[in-house]
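K.L.:
Just one file: query22.tsv, with TSV, C-alpha atoms.
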chain	number	residue	atom	x	y	z
A	1	MET	CA	142.35	-22.33	203.55
A	2	LYS	CA	145.46	-20.30	202.73
A	3	ILE	CA	148.89	-21.27	203.99
A	4	LYS	CA	151.60	-18.63	204.31
A	5	THR	CA	154.75	-19.63	202.49
A	6	GLY	CA	157.06	-16.71	203.01
A	7	LYS	CA	156.57	-15.78	199.36
A	8	GLY	CA	152.85	-15.21	199.60
A	9	SER	CA	150.29	-17.87	200.32
A	10	VAL	CA	149.01	-21.04	198.68
A	11	THR	CA	145.90	-23.13	199.11
A	12	LEU	CA	146.03	-26.48	200.83
A	13	VAL	CA	145.47	-28.19	197.46
A	14	VAL	CA	148.56	-26.52	195.97
A	15	LEU	CA	150.58	-27.45	199.04
A	16	LEU	CA	149.50	-31.09	198.80
A	17	ALA	CA	150.22	-31.10	195.06
A	18	ILE	CA	153.77	-29.86	195.62
A	19	TRP	CA	154.36	-32.46	198.34
A	20	SER	CA	152.88	-35.18	196.08
A	21	VAL	CA	155.24	-34.28	193.25
A	22	SER	CA	158.13	-34.61	195.70
A	23	ALA	CA	156.89	-38.06	196.71
A	24	ILE	CA	156.65	-39.21	193.09
A	25	ALA	CA	160.39	-38.73	192.70
A	26	SER	CA	161.04	-41.93	194.67
A	27	LEU	CA	158.52	-44.12	192.85
A	28	PRO	CA	160.47	-45.49	189.83
A	29	GLY	CA	162.57	-47.86	191.92
A	30	LEU	CA	159.67	-48.75	194.18
A	31	ALA	CA	157.39	-49.59	191.26
A	32	VAL	CA	159.46	-52.52	190.03
A	33	SER	CA	160.70	-53.99	193.32
A	34	PRO	CA	157.49	-55.79	194.40
A	35	ILE	CA	157.21	-57.79	191.17
A	36	LEU	CA	160.79	-59.01	190.92
A	37	GLY	CA	160.05	-62.22	192.83
A	38	ASP	CA	157.09	-63.13	190.60
A	39	LEU	CA	158.59	-62.01	187.31
A	40	ASN	CA	159.61	-65.56	186.41
A	41	LYS	CA	155.98	-66.65	186.71
A	42	VAL	CA	154.69	-63.91	184.42
A	43	PHE	CA	157.55	-64.21	181.91
A	44	PRO	CA	158.92	-67.79	182.24
A	45	LYS	CA	161.86	-67.29	179.87
A	46	VAL	CA	163.18	-64.11	181.48
A	47	THR	CA	166.93	-63.96	182.02
A	48	ASP	CA	168.84	-62.39	184.87
A	49	LEU	CA	170.19	-59.78	182.45
A	50	GLU	CA	166.65	-58.72	181.52
A	51	ILE	CA	165.72	-58.39	185.18
A	52	GLN	CA	168.82	-56.28	185.78
A	53	MET	CA	167.95	-54.13	182.77
A	54	LEU	CA	164.42	-53.66	184.10
A	55	THR	CA	165.75	-52.31	187.38
A	56	SER	CA	168.75	-50.31	186.15
A	57	LEU	CA	167.87	-48.79	182.76
A	58	PRO	CA	165.07	-46.53	184.07
A	59	SER	CA	167.43	-45.19	186.73
A	60	LEU	CA	170.11	-44.66	184.11
A	61	LEU	CA	167.71	-42.68	181.92
A	62	ILE	CA	166.69	-40.50	184.84
A	63	ILE	CA	170.16	-38.89	184.87
A	64	PRO	CA	170.15	-37.12	181.47
A	65	PHE	CA	166.51	-36.10	181.82
A	66	VAL	CA	167.11	-34.57	185.24
A	67	LEU	CA	169.77	-32.41	183.61
A	68	LEU	CA	167.59	-31.62	180.59
A	69	SER	CA	164.53	-30.79	182.66
A	70	GLY	CA	166.53	-28.63	185.03
A	71	LYS	CA	168.01	-26.69	182.13
A	72	LEU	CA	164.63	-26.35	180.37
A	73	SER	CA	163.03	-25.00	183.53
A	74	GLU	CA	165.38	-22.02	183.66
A	75	GLY	CA	163.31	-19.07	182.50
A	76	ARG	CA	160.41	-21.21	181.35
A	77	ASP	CA	157.09	-22.28	182.81
A	78	LYS	CA	157.94	-25.09	185.22
A	79	LEU	CA	154.34	-26.22	185.45
A	80	LYS	CA	154.18	-27.04	181.71
A	81	ILE	CA	157.35	-29.10	181.94
A	82	LEU	CA	156.00	-30.76	185.09
A	83	ILE	CA	152.73	-31.64	183.36
A	84	VAL	CA	154.61	-33.20	180.44
A	85	GLY	CA	156.83	-35.18	182.84
A	86	LEU	CA	153.90	-36.34	184.96
A	87	SER	CA	151.96	-37.31	181.82
A	88	ILE	CA	154.86	-39.42	180.56
A	89	PHE	CA	155.26	-40.93	184.01
A	90	PHE	CA	151.55	-41.72	184.38
A	91	LEU	CA	151.01	-43.08	180.86
A	92	SER	CA	154.08	-45.31	181.02
A	93	GLY	CA	152.96	-46.58	184.42
A	94	VAL	CA	149.58	-47.54	182.99
A	95	ALA	CA	151.23	-49.01	179.88
A	96	CYS	CA	153.17	-51.45	182.09
A	97	LEU	CA	149.86	-53.21	182.72
A	98	PHE	CA	149.61	-54.04	179.03
A	99	ALA	CA	153.19	-55.23	178.44
A	100	ARG	CA	153.07	-58.73	176.96
A	101	SER	CA	156.80	-59.36	176.85
A	102	MET	CA	159.80	-58.59	178.96
A	103	ALA	CA	161.28	-56.45	176.18
A	104	TRP	CA	158.18	-54.22	176.12
A	105	LEU	CA	158.23	-53.99	179.91
A	106	ILE	CA	161.85	-52.82	179.77
A	107	VAL	CA	161.06	-50.22	177.08
A	108	ILE	CA	158.04	-48.92	178.98
A	109	SER	CA	160.06	-48.77	182.20
A	110	CYS	CA	162.70	-46.73	180.39
A	111	ILE	CA	159.99	-44.27	179.34
A	112	LEU	CA	158.89	-44.18	182.98
A	113	GLY	CA	162.48	-43.21	183.85
A	114	VAL	CA	162.30	-40.36	181.32
A	115	GLY	CA	159.15	-39.02	182.99
A	116	ALA	CA	160.67	-39.38	186.46
A	117	GLY	CA	163.79	-37.58	185.29
A	118	MET	CA	161.67	-34.67	184.14
A	119	VAL	CA	159.78	-34.50	187.45
A	120	ILE	CA	162.63	-34.84	189.97
A	121	PRO	CA	164.30	-31.42	189.57
A	122	LEU	CA	160.93	-29.69	189.34
A	123	SER	CA	159.78	-31.15	192.65
A	124	THR	CA	162.53	-29.32	194.50
A	125	GLY	CA	162.29	-26.32	192.18
A	126	LEU	CA	158.64	-25.80	193.09
A	127	ILE	CA	159.50	-25.85	196.78
A	128	VAL	CA	162.14	-23.18	196.19
A	129	ASP	CA	159.72	-21.10	194.08
A	130	TYR	CA	156.83	-21.18	196.56
A	131	PHE	CA	158.50	-21.30	199.97
A	132	THR	CA	161.22	-19.54	201.92
A	133	GLU	CA	163.74	-21.20	204.16
A	134	GLY	CA	161.81	-20.61	207.38
A	135	THR	CA	158.43	-21.98	206.30
A	136	ALA	CA	156.97	-25.34	207.23
A	137	ALA	CA	157.04	-26.68	203.68
A	138	SER	CA	160.81	-26.56	203.60
A	139	GLY	CA	160.98	-29.05	206.45
A	140	SER	CA	162.80	-31.59	204.31
A	141	TRP	CA	165.41	-28.98	203.46
A	142	GLY	CA	165.60	-28.11	207.14
A	143	THR	CA	166.29	-31.74	207.97
A	144	VAL	CA	169.08	-31.88	205.42
A	145	ARG	CA	170.46	-28.57	206.67
A	146	ARG	CA	170.34	-29.67	210.32
A	147	SER	CA	172.01	-33.01	209.57
A	148	THR	CA	174.72	-31.26	207.56
A	149	THR	CA	175.24	-28.71	210.32
A	150	SER	CA	175.40	-31.39	212.99
A	151	ARG	CA	177.99	-33.29	210.96
A	152	SER	CA	180.07	-30.22	210.31
A	153	SER	CA	180.10	-29.11	213.95
A	154	TRP	CA	180.86	-32.58	215.26
A	155	ARG	CA	184.45	-33.10	216.34
A	156	PRO	CA	186.08	-36.42	217.12
A	157	PRO	CA	187.03	-36.96	220.81
Could you spell out this file's structure in structure tokens?

P.N.:
Amino acid sequence: MKIKTGKGSVTLVVLLAIWSVSAIASLPGLAVSPILGDLNKVFPKVTDLEIQMLTSLPSLLIIPFVLLSGKLSEGRDKLKILIVGLSIFFLSGVACLFARSMAWLIVISCILGVGAGMVIPLSTGLIVDYFTEGTAASGSWGTVRRSTTSRSSWRPP
């Protein structure tokens, strides 16, 4: 099944892959949140600082790698960079299962942040590369555009 994108057509599998990459961008923060309550049971000597580092360092590392990945993707094959980012993201996610100390969990989570930082700009970049403004796949952009337009045209009473 081919889906028209405004810049040609893509298969349903490609469309789902692009949407999946966009969904992955929100996972780093969601991955740690469910275990925060039980972290003291798994690592009894964990401090509040270590818990804060576990939640904030990956997000901090996302920032430079978003910039780096965005710059690397200019004039280069985005899919290769995406595969590297997804590989780092996946392998670090699996490695979290084998962390035997809080320090290792923090390090692995930081690597997860690196992978997420590489994927985030490419998720929106792929949408721009494959779809035009009027196509169904740019619905998220349309939502942002409509909310921005509604805010800009709103006038106080």

K.L.:
What is the distance, in Å and to one decimal place, between CA of Leu72 (chain A) and CA of Ile127 (chain A)?

P.N.:
17.2 Å

K.L.:
When distances are computed from only C-alpha atoms, which of A:Val128, A:Cys96, A:Ile106, A:Val114 shows the smallest separation from Leu54 (chain A)?

P.N.:
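So, comparing all the options, the nearest one is A:Ile106.
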
K.L.:
Which value, in Å to one decimal, gives the distance between CA of Asp48 (chain A) and CA of Leu36 (chain A)?

P.N.:
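Going from CA of Asp48 (chain A) over to CA of Leu36 (chain A) covers 10.6 Å.
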
K.L.:
Taking all atoms listed in the file into account, which of A:Leu15, A:Ile81, A:Ala116, A:Ile24 comes nearest Lys2 (chain A)?

P.N.:
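Ranked by minimum distance to Lys2 (chain A), first place goes to A:Leu15.
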
K.L.:
Mind pulling up the distance from CA of Trp104 (chain A) to CA of Pro44 (chain A)?

P.N.:
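Going from CA of Pro44 (chain A) over to CA of Trp104 (chain A), I get 14.9 Å.
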
K.L.:
Set the distance at 12 Å and use all atoms listed in the file: which residues neighbour Leu68 (chain A) once local chain neighbours fewer than 5 positions away are removed? I'd like the list as a VMD selection string.

P.N.:
chain A and resid 61 to 63 73 to 74 81 85 114 to 122

K.L.:
My list of candidates is A:Asp129, A:Phe98, A:Met1, A:Phe89. Which is closest to Pro58 (chain A) when distances are computed with only C-alpha atoms?

P.N.:
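Once distances to Pro58 (chain A) are computed over only C-alpha atoms, the minimum belongs to A:Phe89.
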
K.L.:
To test the calculation: enclose all listed atoms of region 63-73 of chain A in a box whose edges run along x, y and z, add 3 Å on each side, then state centre and edge lengths in Å to one decimal, as lines of an AutoDock Vina configuration file.

P.N.:
center_x = 166.6
center_y = -31.9
center_z = 182.8
size_x = 13.1
size_y = 19.9
size_z = 10.9

K.L.:
So, counting all atoms listed in the file, which residue among A:Leu82, A:Leu97, A:Asp77, A:Ile111 is closest to Ile18 (chain A)?

P.N.:
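Of A:Leu82, A:Leu97, A:Asp77, A:Ile111, the one nearest Ile18 (chain A), counting all atoms listed in the file, is A:Leu82.
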
K.L.:
Which one is closest to Ser109 (chain A): A:Ile3, A:Leu60, A:Ile83, A:Leu12? Count all atoms listed in the file.

P.N.:
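Going through A:Ile3, A:Leu60, A:Ile83, A:Leu12 one by one, the smallest distance to Ser109 (chain A) is for A:Leu60.
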
K.L.:
Which of these, A:Ser123, A:Ser87, A:Val42, A:Gly37, has the shortest distance to Arg100 (chain A) once you count only C-alpha atoms?

P.N.:
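Closest residue, counting only C-alpha atoms: A:Val42.
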